file start18.cif (mmCIF, C-alpha atoms and all ligand atoms)
data_coords
#
loop_
_atom_site.label_atom_id
_atom_site.label_comp_id
_atom_site.auth_asym_id
_atom_site.auth_seq_id
_atom_site.Cartn_x
_atom_site.Cartn_y
_atom_site.Cartn_z
CA MET A 55 38.12 95.88 152.11
CA ARG A 56 37.40 94.28 148.78
CA PHE A 57 38.24 95.74 145.42
CA THR A 58 36.31 95.10 142.28
CA LYS A 59 38.35 94.08 139.29
CA LEU A 60 37.88 97.54 137.78
CA GLN A 61 39.07 99.29 140.94
CA PHE A 62 42.06 97.02 141.06
CA LEU A 63 42.96 97.81 137.46
CA PHE A 64 42.54 101.51 138.14
CA TRP A 65 44.93 101.50 141.11
CA PHE A 66 47.34 99.29 139.25
CA ALA A 67 47.41 101.83 136.40
CA VAL A 68 47.95 104.70 138.84
CA ALA A 69 50.81 102.87 140.55
CA LEU A 70 52.40 102.05 137.21
CA LEU A 71 52.11 105.62 136.00
CA THR A 72 53.59 107.14 139.16
CA SER A 73 56.49 104.71 139.18
CA GLN A 74 57.23 105.58 135.57
CA LEU A 75 57.07 109.28 136.33
CA ALA A 76 59.56 108.73 139.15
CA LEU A 77 61.80 106.79 136.79
CA ALA A 78 61.59 109.39 134.05
CA HIS A 79 62.80 112.20 136.36
CA ASP A 80 63.32 114.92 133.80
CA PHE A 81 62.92 118.67 134.03
CA LYS A 82 61.95 121.23 131.42
CA VAL A 83 62.54 124.93 131.05
CA GLY A 84 61.59 126.64 127.81
CA ASP A 85 62.91 124.41 125.00
CA LEU A 86 65.39 122.65 127.25
CA THR A 87 65.10 119.26 128.89
CA ILE A 88 67.40 118.16 131.68
CA ASP A 89 67.06 114.39 131.82
CA HIS A 90 67.80 112.51 135.03
CA PRO A 91 70.22 114.66 137.04
CA TYR A 92 72.24 112.43 139.36
CA ALA A 93 75.29 112.57 141.59
CA THR A 94 77.59 109.81 142.72
CA PRO A 95 77.94 109.15 146.48
CA THR A 96 80.95 110.59 148.29
CA VAL A 97 82.99 109.51 151.31
CA PRO A 98 83.36 111.82 154.35
CA ALA A 99 86.93 112.90 153.51
CA GLN A 100 85.86 114.06 150.04
CA SER A 101 85.19 117.77 149.61
CA THR A 102 84.04 117.58 146.00
CA GLY A 103 81.28 115.71 144.22
CA ALA A 104 80.09 115.48 140.62
CA VAL A 105 76.65 115.95 139.09
CA TYR A 106 75.75 114.31 135.78
CA PHE A 107 72.70 114.36 133.50
CA ARG A 108 71.61 111.45 131.39
CA THR A 109 71.12 113.96 128.60
CA LEU A 110 70.80 117.68 128.09
CA ARG A 111 68.54 118.57 125.18
CA ASN A 112 67.64 121.75 123.35
CA ARG A 113 64.54 121.22 121.19
CA GLY A 114 64.42 124.82 120.04
CA SER A 115 66.25 126.18 117.03
CA ALA A 116 67.89 129.01 118.98
CA PRO A 117 71.16 128.20 120.72
CA ASP A 118 71.40 128.46 124.49
CA LYS A 119 74.13 128.22 127.10
CA LEU A 120 74.36 126.77 130.58
CA LEU A 121 76.02 129.66 132.39
CA SER A 122 76.21 128.55 136.00
CA ALA A 123 74.73 126.41 138.72
CA ARG A 124 74.34 126.58 142.48
CA SER A 125 73.22 124.28 145.26
CA SER A 126 72.74 124.46 149.03
CA VAL A 127 74.88 121.31 149.47
CA ALA A 128 78.12 122.93 148.27
CA ASN A 129 79.90 126.27 148.51
CA ARG A 130 80.30 126.47 144.77
CA VAL A 131 79.34 124.59 141.62
CA GLY A 132 81.78 124.58 138.69
CA LEU A 133 81.17 123.59 135.07
CA HIS A 134 83.77 121.03 134.05
CA ARG A 135 84.92 119.49 130.85
CA MET A 136 86.72 116.20 130.70
CA GLN A 137 88.86 115.35 127.70
CA MET A 138 91.45 112.82 126.75
CA GLU A 139 94.80 114.40 125.97
CA GLY A 140 96.84 111.57 124.57
CA GLU A 141 96.69 108.90 127.26
CA VAL A 142 95.71 111.24 130.06
CA MET A 143 92.23 112.28 131.06
CA ARG A 144 92.16 115.96 131.90
CA MET A 145 89.50 117.99 133.56
CA ARG A 146 89.19 121.72 133.41
CA GLU A 147 86.68 124.37 134.33
CA VAL A 148 84.82 126.04 131.48
CA PRO A 149 83.01 129.41 131.55
CA TYR A 150 79.79 127.95 130.06
CA ILE A 151 78.39 124.91 128.26
CA ASP A 152 77.20 125.53 124.72
CA MET A 153 73.81 124.10 123.76
CA PRO A 154 73.34 124.57 119.99
CA GLY A 155 69.81 124.61 118.58
CA LYS A 156 68.26 121.15 118.00
CA SER A 157 70.96 119.42 119.95
CA GLU A 158 71.17 116.67 122.51
CA PHE A 159 74.19 115.42 124.31
CA ARG A 160 75.04 113.03 127.09
CA MET A 161 76.53 114.27 130.32
CA GLY A 162 76.89 110.88 131.97
CA HIS A 163 79.56 109.63 134.35
CA ALA A 164 80.81 107.00 131.90
CA SER A 165 81.82 109.37 129.13
CA THR A 166 85.51 110.09 128.59
CA ASP A 167 84.82 113.28 126.69
CA GLY A 168 82.12 115.45 128.08
CA TYR A 169 80.83 117.81 130.71
CA HIS A 170 79.75 117.48 134.28
CA LEU A 171 79.06 119.83 137.16
CA MET A 172 81.47 119.89 140.05
CA LEU A 173 80.26 120.45 143.60
CA GLU A 174 83.08 122.22 145.42
CA GLY A 175 83.19 122.50 149.20
CA LEU A 176 80.58 119.86 150.00
CA LYS A 177 78.90 120.59 153.34
CA ALA A 178 78.12 116.91 154.01
CA PRO A 179 78.81 113.61 152.23
CA LEU A 180 76.36 112.67 149.47
CA LYS A 181 74.64 109.44 150.47
CA ASP A 182 73.11 106.88 148.17
CA GLY A 183 69.36 107.43 148.02
CA ASP A 184 69.46 111.11 149.02
CA SER A 185 68.40 113.93 146.74
CA PHE A 186 69.12 117.64 146.73
CA PRO A 187 68.12 120.74 144.74
CA LEU A 188 70.39 122.26 142.11
CA THR A 189 69.59 125.53 140.35
CA LEU A 190 70.76 125.85 136.76
CA ARG A 191 71.02 129.22 135.01
CA PHE A 192 70.67 129.28 131.22
CA GLU A 193 71.31 132.32 129.05
CA ARG A 194 68.00 132.16 127.16
CA ALA A 195 65.75 129.81 129.10
CA GLY A 196 66.48 131.37 132.50
CA GLU A 197 66.67 129.47 135.76
CA ARG A 198 65.41 126.02 136.64
CA THR A 199 65.81 124.14 139.89
CA VAL A 200 66.12 120.39 139.44
CA GLN A 201 66.23 117.57 141.97
CA VAL A 202 69.46 115.58 141.86
CA HIS A 203 69.36 111.91 142.92
CA VAL A 204 72.40 110.50 144.66
CA GLN A 205 73.01 107.03 143.28
CA THR A 206 75.71 104.50 142.61
CA PRO A 207 75.84 104.08 138.82
CA ARG A 208 74.63 100.72 137.62
CA LYS A 209 77.42 100.36 135.14
CA GLY A 210 80.79 102.00 134.76
CA ALA A 211 82.74 103.40 137.67
CA ALA A 212 82.54 107.06 138.50
CA HIS A 213 85.55 109.16 137.64
CA GLU A 214 88.09 109.90 140.27
CA HIS A 215 87.66 113.56 140.95
CA LYS A 216 91.12 114.67 141.85
CA HIS A 217 92.07 118.08 140.55
CU CU A 301 85.26 117.71 137.73
#

call {"tool": "encode", "arguments": {"input": "start18.cif", "output": "structure tokens", "more": "lines below"}}
Ligand SMILES: [Cu+2]
result
Amino acid sequence: MRFTKLQFLFWFAVALLTSQLALAHDFKVGDLTIDHPYATPTVPAQSTGAVYFRTLRNRGSAPDKLLSARSSVANRVGLHRMQMEGEVMRMREVPYIDMPGKSEFRMGHASTDGYHLMLEGLKAPLKDGDSFPLTLRFERAGERTVQVHVQTPRKGAAHEHKH
């Protein structure tokens, strides 16, 4: 089969667009954007895993809250906050994550002060390249199911998740 130059350009544009959509990988609900949800791979002995977002953004002026999350891959999903206390990094569960109006914050694996979601009671190890659904429940915006990509971070090691 032969393509004309125009057909070739058309398919090239389609391929480019779809690859960029796949790269973008963000989810919207109401005024909120959940950008690039990802989880780090786990080893078989590990019963917990962590989910991060590149950013969590609230474009609206009204504040919202991330109240809870659930996923079929784990028995329970906790909301965690990591903070430096002196020299020690501490992690604790929080009842919700505040999302003030017109705010954007990072929830990446490389941050030493920030939030992540904790998968507790993993049913199977998370393997690089897999993806799984995660349902987030927000106070105002309601529920949104996002697809989480399992990937080894390109830079910065994942935190040790020992509680
Ligand atoms: Cu944690």

call {"tool": "closest_atom_pairs", "arguments": {"input": "start18.cif", "of": "chain A", "to": "ligand CU 301 (chain A)", "cutoff": "10 Å", "atoms": "only C-alpha atoms and all ligand atoms", "output": "JSON lines"}}
result
{"residue": "A:Thr102", "atom": "CA", "partner": "A:CU301", "partner_atom": "CU", "distance": 8.4}
{"residue": "A:Gly103", "atom": "CA", "partner": "A:CU301", "partner_atom": "CU", "distance": 7.9}
{"residue": "A:Ala104", "atom": "CA", "partner": "A:CU301", "partner_atom": "CU", "distance": 6.3}
{"residue": "A:Val105", "atom": "CA", "partner": "A:CU301", "partner_atom": "CU", "distance": 8.9}
{"residue": "A:Val131", "atom": "CA", "partner": "A:CU301", "partner_atom": "CU", "distance": 9.9}
{"residue": "A:Gly132", "atom": "CA", "partner": "A:CU301", "partner_atom": "CU", "distance": 7.8}
{"residue": "A:Leu133", "atom": "CA", "partner": "A:CU301", "partner_atom": "CU", "distance": 7.6}
{"residue": "A:His134", "atom": "CA", "partner": "A:CU301", "partner_atom": "CU", "distance": 5.2}
{"residue": "A:Arg135", "atom": "CA", "partner": "A:CU301", "partner_atom": "CU", "distance": 7.1}
{"residue": "A:Met136", "atom": "CA", "partner": "A:CU301", "partner_atom": "CU", "distance": 7.3}
{"residue": "A:Arg144", "atom": "CA", "partner": "A:CU301", "partner_atom": "CU", "distance": 9.2}
{"residue": "A:Met145", "atom": "CA", "partner": "A:CU301", "partner_atom": "CU", "distance": 6.0}
{"residue": "A:Arg146", "atom": "CA", "partner": "A:CU301", "partner_atom": "CU", "distance": 7.1}
{"residue": "A:Glu147", "atom": "CA", "partner": "A:CU301", "partner_atom": "CU", "distance": 7.6}
{"residue": "A:Tyr169", "atom": "CA", "partner": "A:CU301", "partner_atom": "CU", "distance": 8.3}
{"residue": "A:His170", "atom": "CA", "partner": "A:CU301", "partner_atom": "CU", "distance": 6.5}
{"residue": "A:Leu171", "atom": "CA", "partner": "A:CU301", "partner_atom": "CU", "distance": 6.6}
{"residue": "A:Met172", "atom": "CA", "partner": "A:CU301", "partner_atom": "CU", "distance": 4.9}
{"residue": "A:Leu173", "atom": "CA", "partner": "A:CU301", "partner_atom": "CU", "distance": 8.2}
{"residue": "A:Glu174", "atom": "CA", "partner": "A:CU301", "partner_atom": "CU", "distance": 9.2}
{"residue": "A:His213", "atom": "CA", "partner": "A:CU301", "partner_atom": "CU", "distance": 8.6}
{"residue": "A:Glu214", "atom": "CA", "partner": "A:CU301", "partner_atom": "CU", "distance": 8.7}
{"residue": "A:His215", "atom": "CA", "partner": "A:CU301", "partner_atom": "CU", "distance": 5.8}
{"residue": "A:Lys216", "atom": "CA", "partner": "A:CU301", "partner_atom": "CU", "distance": 7.8}
{"residue": "A:His217", "atom": "CA", "partner": "A:CU301", "partner_atom": "CU", "distance": 7.4}

call {"tool": "write_last_selection", "arguments": {"input": "start18.cif", "atoms": "C-alpha atoms", "output": "mmCIF file, in the coordinates of the input"}}
result
data_model
loop_
_atom_site.group_PDB
_atom_site.id
_atom_site.type_symbol
_atom_site.label_atom_id
_atom_site.label_comp_id
_atom_site.auth_asym_id
_atom_site.auth_seq_id
_atom_site.Cartn_x
_atom_site.Cartn_y
_atom_site.Cartn_z
ATOM 1 C CA THR A 102 84.040 117.580 146.000
ATOM 2 C CA GLY A 103 81.280 115.710 144.220
ATOM 3 C CA ALA A 104 80.090 115.480 140.620
ATOM 4 C CA VAL A 105 76.650 115.950 139.090
ATOM 5 C CA VAL A 131 79.340 124.590 141.620
ATOM 6 C CA GLY A 132 81.780 124.580 138.690
ATOM 7 C CA LEU A 133 81.170 123.590 135.070
ATOM 8 C CA HIS A 134 83.770 121.030 134.050
ATOM 9 C CA ARG A 135 84.920 119.490 130.850
ATOM 10 C CA MET A 136 86.720 116.200 130.700
ATOM 11 C CA ARG A 144 92.160 115.960 131.900
ATOM 12 C CA MET A 145 89.500 117.990 133.560
ATOM 13 C CA ARG A 146 89.190 121.720 133.410
ATOM 14 C CA GLU A 147 86.680 124.370 134.330
ATOM 15 C CA TYR A 169 80.830 117.810 130.710
ATOM 16 C CA HIS A 170 79.750 117.480 134.280
ATOM 17 C CA LEU A 171 79.060 119.830 137.160
ATOM 18 C CA MET A 172 81.470 119.890 140.050
ATOM 19 C CA LEU A 173 80.260 120.450 143.600
ATOM 20 C CA GLU A 174 83.080 122.220 145.420
ATOM 21 C CA HIS A 213 85.550 109.160 137.640
ATOM 22 C CA GLU A 214 88.090 109.900 140.270
ATOM 23 C CA HIS A 215 87.660 113.560 140.950
ATOM 24 C CA LYS A 216 91.120 114.670 141.850
ATOM 25 C CA HIS A 217 92.070 118.080 140.550
#

call {"tool": "residues_around", "arguments": {"input": "start18.cif", "residues": "range 197-208 of chain A", "least_positions_apart": "6", "cutoff": "7 Å", "atoms": "only C-alpha atoms", "output": "count of residues only"}}
result
19

call {"tool": "closest_residue", "arguments": {"input": "start18.cif", "among": "A:Pro149, A:Ser125, A:Gly168, A:Glu158", "to": "Ile88 in chain A", "atoms": "only C-alpha atoms"}}
result
A:Glu158

call {"tool": "residues_around", "arguments": {"input": "start18.cif", "residues": "Gly155 in chain A", "least_positions_apart": "4", "cutoff": "6 Å", "atoms": "all atoms listed in the file", "output": "list in words"}}
result
Asn112, Gly114, Ser115, Ala116 and Pro117 of chain A

call {"tool": "write_last_selection", "arguments": {"input": "start18.cif", "atoms": "C-alpha atoms", "output": "PDB file, in the coordinates of the input"}}
result
ATOM      1  CA  ASN A 112      67.640 121.750 123.350  1.00  0.00           C
ATOM      2  CA  GLY A 114      64.420 124.820 120.040  1.00  0.00           C
ATOM      3  CA  SER A 115      66.250 126.180 117.030  1.00  0.00           C
ATOM      4  CA  ALA A 116      67.890 129.010 118.980  1.00  0.00           C
ATOM      5  CA  PRO A 117      71.160 128.200 120.720  1.00  0.00           C
TER       6      PRO A 117
END

call {"tool": "residues_around", "arguments": {"input": "start18.cif", "residues": "His90 in chain A", "least_positions_apart": "3", "cutoff": "6 Å", "atoms": "only C-alpha atoms", "output": "list in words"}}
result
His79, Asp80, Phe107 and Arg108 of chain A

call {"tool": "residues_around", "arguments": {"input": "start18.cif", "residues": "Thr166 in chain A", "least_positions_apart": "4", "cutoff": "9 Å", "atoms": "all atoms listed in the file", "output": "ChimeraX atom specification"}}
result
/A:136-138,143

call {"tool": "residues_around", "arguments": {"input": "start18.cif", "residues": "Arg113 in chain A", "least_positions_apart": "4", "cutoff": "12 Å", "atoms": "only C-alpha atoms", "output": "list in words"}}
result
Lys82, Val83, Gly84, Asp85, Leu86, Thr87, Ile88, Pro117, Asp118, Met153, Pro154, Gly155, Lys156, Ser157, Glu158, Phe159 and Ala195 of chain A

call {"tool": "atom_distance", "arguments": {"input": "start18.cif", "atom1": "CA of Asn129 in chain A", "atom2": "CA of Leu176 in chain A"}}
result
6.6 Å

call {"tool": "closest_residue", "arguments": {"input": "start18.cif", "among": "A:Thr58, A:Thr109, A:Thr96, A:Ser122", "to": "Phe192 in chain A", "atoms": "all atoms listed in the file"}}
result
A:Ser122

call {"tool": "closest_residue", "arguments": {"input": "start18.cif", "among": "A:Lys177, A:Glu193, A:Tyr150, A:Leu60", "to": "Val127 in chain A", "atoms": "only C-alpha atoms"}}
result
A:Lys177

call {"tool": "atom_distance", "arguments": {"input": "start18.cif", "atom1": "CA of Ala128 in chain A", "atom2": "CA of Val142 in chain A"}}
result
27.9 Å

call {"tool": "closest_residue", "arguments": {"input": "start18.cif", "among": "A:Phe64, A:Leu110, A:Arg130, A:Glu139", "to": "Gly175 in chain A", "atoms": "only C-alpha atoms"}}
result
A:Arg130

call {"tool": "atom_distance", "arguments": {"input": "start18.cif", "atom1": "CA of Asp167 in chain A", "atom2": "CA of Gly196 in chain A"}}
result
26.4 Å

call {"tool": "build_atoms", "arguments": {"input": "start18.cif", "residues": "range 97-133 of chain A", "atoms": "N, CA and C atoms", "output": "PDB file, keeping the file's coordinate frame"}}
result
ATOM      1  N   VAL A  97      82.562 109.951 149.979  1.00  0.00           N
ATOM      2  CA  VAL A  97      82.990 109.510 151.310  1.00  0.00           C
ATOM      3  C   VAL A  97      83.266 110.764 152.146  1.00  0.00           C
ATOM      4  N   PRO A  98      83.238 110.634 153.492  1.00  0.00           N
ATOM      5  CA  PRO A  98      83.360 111.820 154.350  1.00  0.00           C
ATOM      6  C   PRO A  98      84.587 112.694 154.086  1.00  0.00           C
ATOM      7  N   ALA A  99      85.719 112.099 153.706  1.00  0.00           N
ATOM      8  CA  ALA A  99      86.930 112.900 153.510  1.00  0.00           C
ATOM      9  C   ALA A  99      86.895 113.721 152.214  1.00  0.00           C
ATOM     10  N   GLN A 100      85.920 113.437 151.366  1.00  0.00           N
ATOM     11  CA  GLN A 100      85.860 114.060 150.040  1.00  0.00           C
ATOM     12  C   GLN A 100      85.180 115.424 150.117  1.00  0.00           C
ATOM     13  N   SER A 101      85.812 116.452 149.555  1.00  0.00           N
ATOM     14  CA  SER A 101      85.190 117.770 149.610  1.00  0.00           C
ATOM     15  C   SER A 101      84.504 118.144 148.300  1.00  0.00           C
ATOM     16  N   THR A 102      84.691 117.299 147.275  1.00  0.00           N
ATOM     17  CA  THR A 102      84.040 117.580 146.000  1.00  0.00           C
ATOM     18  C   THR A 102      83.162 116.409 145.576  1.00  0.00           C
ATOM     19  N   GLY A 103      82.155 116.731 144.787  1.00  0.00           N
ATOM     20  CA  GLY A 103      81.280 115.710 144.220  1.00  0.00           C
ATOM     21  C   GLY A 103      80.961 116.101 142.788  1.00  0.00           C
ATOM     22  N   ALA A 104      80.397 115.183 142.018  1.00  0.00           N
ATOM     23  CA  ALA A 104      80.090 115.480 140.620  1.00  0.00           C
ATOM     24  C   ALA A 104      78.629 115.208 140.328  1.00  0.00           C
ATOM     25  N   VAL A 105      78.038 116.112 139.531  1.00  0.00           N
ATOM     26  CA  VAL A 105      76.650 115.950 139.090  1.00  0.00           C
ATOM     27  C   VAL A 105      76.653 115.674 137.598  1.00  0.00           C
ATOM     28  N   TYR A 106      75.852 114.689 137.186  1.00  0.00           N
ATOM     29  CA  TYR A 106      75.750 114.310 135.780  1.00  0.00           C
ATOM     30  C   TYR A 106      74.293 114.401 135.353  1.00  0.00           C
ATOM     31  N   PHE A 107      74.062 114.481 134.056  1.00  0.00           N
ATOM     32  CA  PHE A 107      72.700 114.360 133.500  1.00  0.00           C
ATOM     33  C   PHE A 107      72.738 113.201 132.525  1.00  0.00           C
ATOM     34  N   ARG A 108      71.619 112.490 132.426  1.00  0.00           N
ATOM     35  CA  ARG A 108      71.610 111.450 131.390  1.00  0.00           C
ATOM     36  C   ARG A 108      71.760 112.134 130.038  1.00  0.00           C
ATOM     37  N   THR A 109      70.929 113.129 129.787  1.00  0.00           N
ATOM     38  CA  THR A 109      71.120 113.960 128.600  1.00  0.00           C
ATOM     39  C   THR A 109      70.706 115.395 128.903  1.00  0.00           C
ATOM     40  N   LEU A 110      71.203 116.285 128.074  1.00  0.00           N
ATOM     41  CA  LEU A 110      70.800 117.680 128.090  1.00  0.00           C
ATOM     42  C   LEU A 110      70.353 117.975 126.670  1.00  0.00           C
ATOM     43  N   ARG A 111      69.102 118.449 126.522  1.00  0.00           N
ATOM     44  CA  ARG A 111      68.540 118.570 125.180  1.00  0.00           C
ATOM     45  C   ARG A 111      67.979 119.960 124.946  1.00  0.00           C
ATOM     46  N   ASN A 112      68.220 120.479 123.777  1.00  0.00           N
ATOM     47  CA  ASN A 112      67.640 121.750 123.350  1.00  0.00           C
ATOM     48  C   ASN A 112      66.768 121.477 122.118  1.00  0.00           C
ATOM     49  N   ARG A 113      65.448 121.507 122.309  1.00  0.00           N
ATOM     50  CA  ARG A 113      64.540 121.220 121.190  1.00  0.00           C
ATOM     51  C   ARG A 113      64.301 122.434 120.309  1.00  0.00           C
ATOM     52  N   GLY A 114      64.637 123.600 120.804  1.00  0.00           N
ATOM     53  CA  GLY A 114      64.420 124.820 120.040  1.00  0.00           C
ATOM     54  C   GLY A 114      65.475 124.997 118.970  1.00  0.00           C
ATOM     55  N   SER A 115      65.240 125.959 118.064  1.00  0.00           N
ATOM     56  CA  SER A 115      66.250 126.180 117.030  1.00  0.00           C
ATOM     57  C   SER A 115      67.272 127.222 117.477  1.00  0.00           C
ATOM     58  N   ALA A 116      66.934 128.002 118.495  1.00  0.00           N
ATOM     59  CA  ALA A 116      67.890 129.010 118.980  1.00  0.00           C
ATOM     60  C   ALA A 116      68.891 128.364 119.933  1.00  0.00           C
ATOM     61  N   PRO A 117      70.157 128.736 119.808  1.00  0.00           N
ATOM     62  CA  PRO A 117      71.160 128.200 120.720  1.00  0.00           C
ATOM     63  C   PRO A 117      70.984 128.755 122.137  1.00  0.00           C
ATOM     64  N   ASP A 118      71.437 128.008 123.103  1.00  0.00           N
ATOM     65  CA  ASP A 118      71.400 128.460 124.490  1.00  0.00           C
ATOM     66  C   ASP A 118      72.729 128.094 125.140  1.00  0.00           C
ATOM     67  N   LYS A 119      72.896 128.529 126.376  1.00  0.00           N
ATOM     68  CA  LYS A 119      74.130 128.220 127.100  1.00  0.00           C
ATOM     69  C   LYS A 119      73.789 127.960 128.548  1.00  0.00           C
ATOM     70  N   LEU A 120      74.422 126.948 129.129  1.00  0.00           N
ATOM     71  CA  LEU A 120      74.360 126.770 130.580  1.00  0.00           C
ATOM     72  C   LEU A 120      75.464 127.642 131.166  1.00  0.00           C
ATOM     73  N   LEU A 121      75.054 128.670 131.913  1.00  0.00           N
ATOM     74  CA  LEU A 121      76.020 129.660 132.390  1.00  0.00           C
ATOM     75  C   LEU A 121      76.595 129.336 133.755  1.00  0.00           C
ATOM     76  N   SER A 122      75.733 128.834 134.639  1.00  0.00           N
ATOM     77  CA  SER A 122      76.210 128.550 136.000  1.00  0.00           C
ATOM     78  C   SER A 122      75.203 127.678 136.723  1.00  0.00           C
ATOM     79  N   ALA A 123      75.604 127.221 137.892  1.00  0.00           N
ATOM     80  CA  ALA A 123      74.730 126.410 138.720  1.00  0.00           C
ATOM     81  C   ALA A 123      75.067 126.664 140.182  1.00  0.00           C
ATOM     82  N   ARG A 124      74.092 126.449 141.044  1.00  0.00           N
ATOM     83  CA  ARG A 124      74.340 126.580 142.480  1.00  0.00           C
ATOM     84  C   ARG A 124      73.490 125.583 143.254  1.00  0.00           C
ATOM     85  N   SER A 125      73.950 125.240 144.441  1.00  0.00           N
ATOM     86  CA  SER A 125      73.220 124.280 145.260  1.00  0.00           C
ATOM     87  C   SER A 125      73.528 124.536 146.728  1.00  0.00           C
ATOM     88  N   SER A 126      72.547 124.247 147.587  1.00  0.00           N
ATOM     89  CA  SER A 126      72.740 124.460 149.030  1.00  0.00           C
ATOM     90  C   SER A 126      73.712 123.435 149.622  1.00  0.00           C
ATOM     91  N   VAL A 127      74.014 122.347 148.891  1.00  0.00           N
ATOM     92  CA  VAL A 127      74.880 121.310 149.470  1.00  0.00           C
ATOM     93  C   VAL A 127      76.374 121.621 149.327  1.00  0.00           C
ATOM     94  N   ALA A 128      76.705 122.628 148.511  1.00  0.00           N
ATOM     95  CA  ALA A 128      78.120 122.930 148.270  1.00  0.00           C
ATOM     96  C   ALA A 128      78.340 124.440 148.255  1.00  0.00           C
ATOM     97  N   ASN A 129      79.582 124.836 148.534  1.00  0.00           N
ATOM     98  CA  ASN A 129      79.900 126.270 148.510  1.00  0.00           C
ATOM     99  C   ASN A 129      79.847 126.834 147.109  1.00  0.00           C
ATOM    100  N   ARG A 130      80.203 125.984 146.142  1.00  0.00           N
ATOM    101  CA  ARG A 130      80.300 126.470 144.770  1.00  0.00           C
ATOM    102  C   ARG A 130      80.065 125.311 143.820  1.00  0.00           C
ATOM    103  N   VAL A 131      79.516 125.618 142.646  1.00  0.00           N
ATOM    104  CA  VAL A 131      79.340 124.590 141.620  1.00  0.00           C
ATOM    105  C   VAL A 131      80.074 125.043 140.365  1.00  0.00           C
ATOM    106  N   GLY A 132      81.008 124.243 139.883  1.00  0.00           N
ATOM    107  CA  GLY A 132      81.780 124.580 138.690  1.00  0.00           C
ATOM    108  C   GLY A 132      81.287 123.773 137.499  1.00  0.00           C
ATOM    109  N   LEU A 133      81.483 124.322 136.299  1.00  0.00           N
ATOM    110  CA  LEU A 133      81.170 123.590 135.070  1.00  0.00           C
ATOM    111  C   LEU A 133      82.487 122.994 134.576  1.00  0.00           C
TER     112      LEU A 133
END
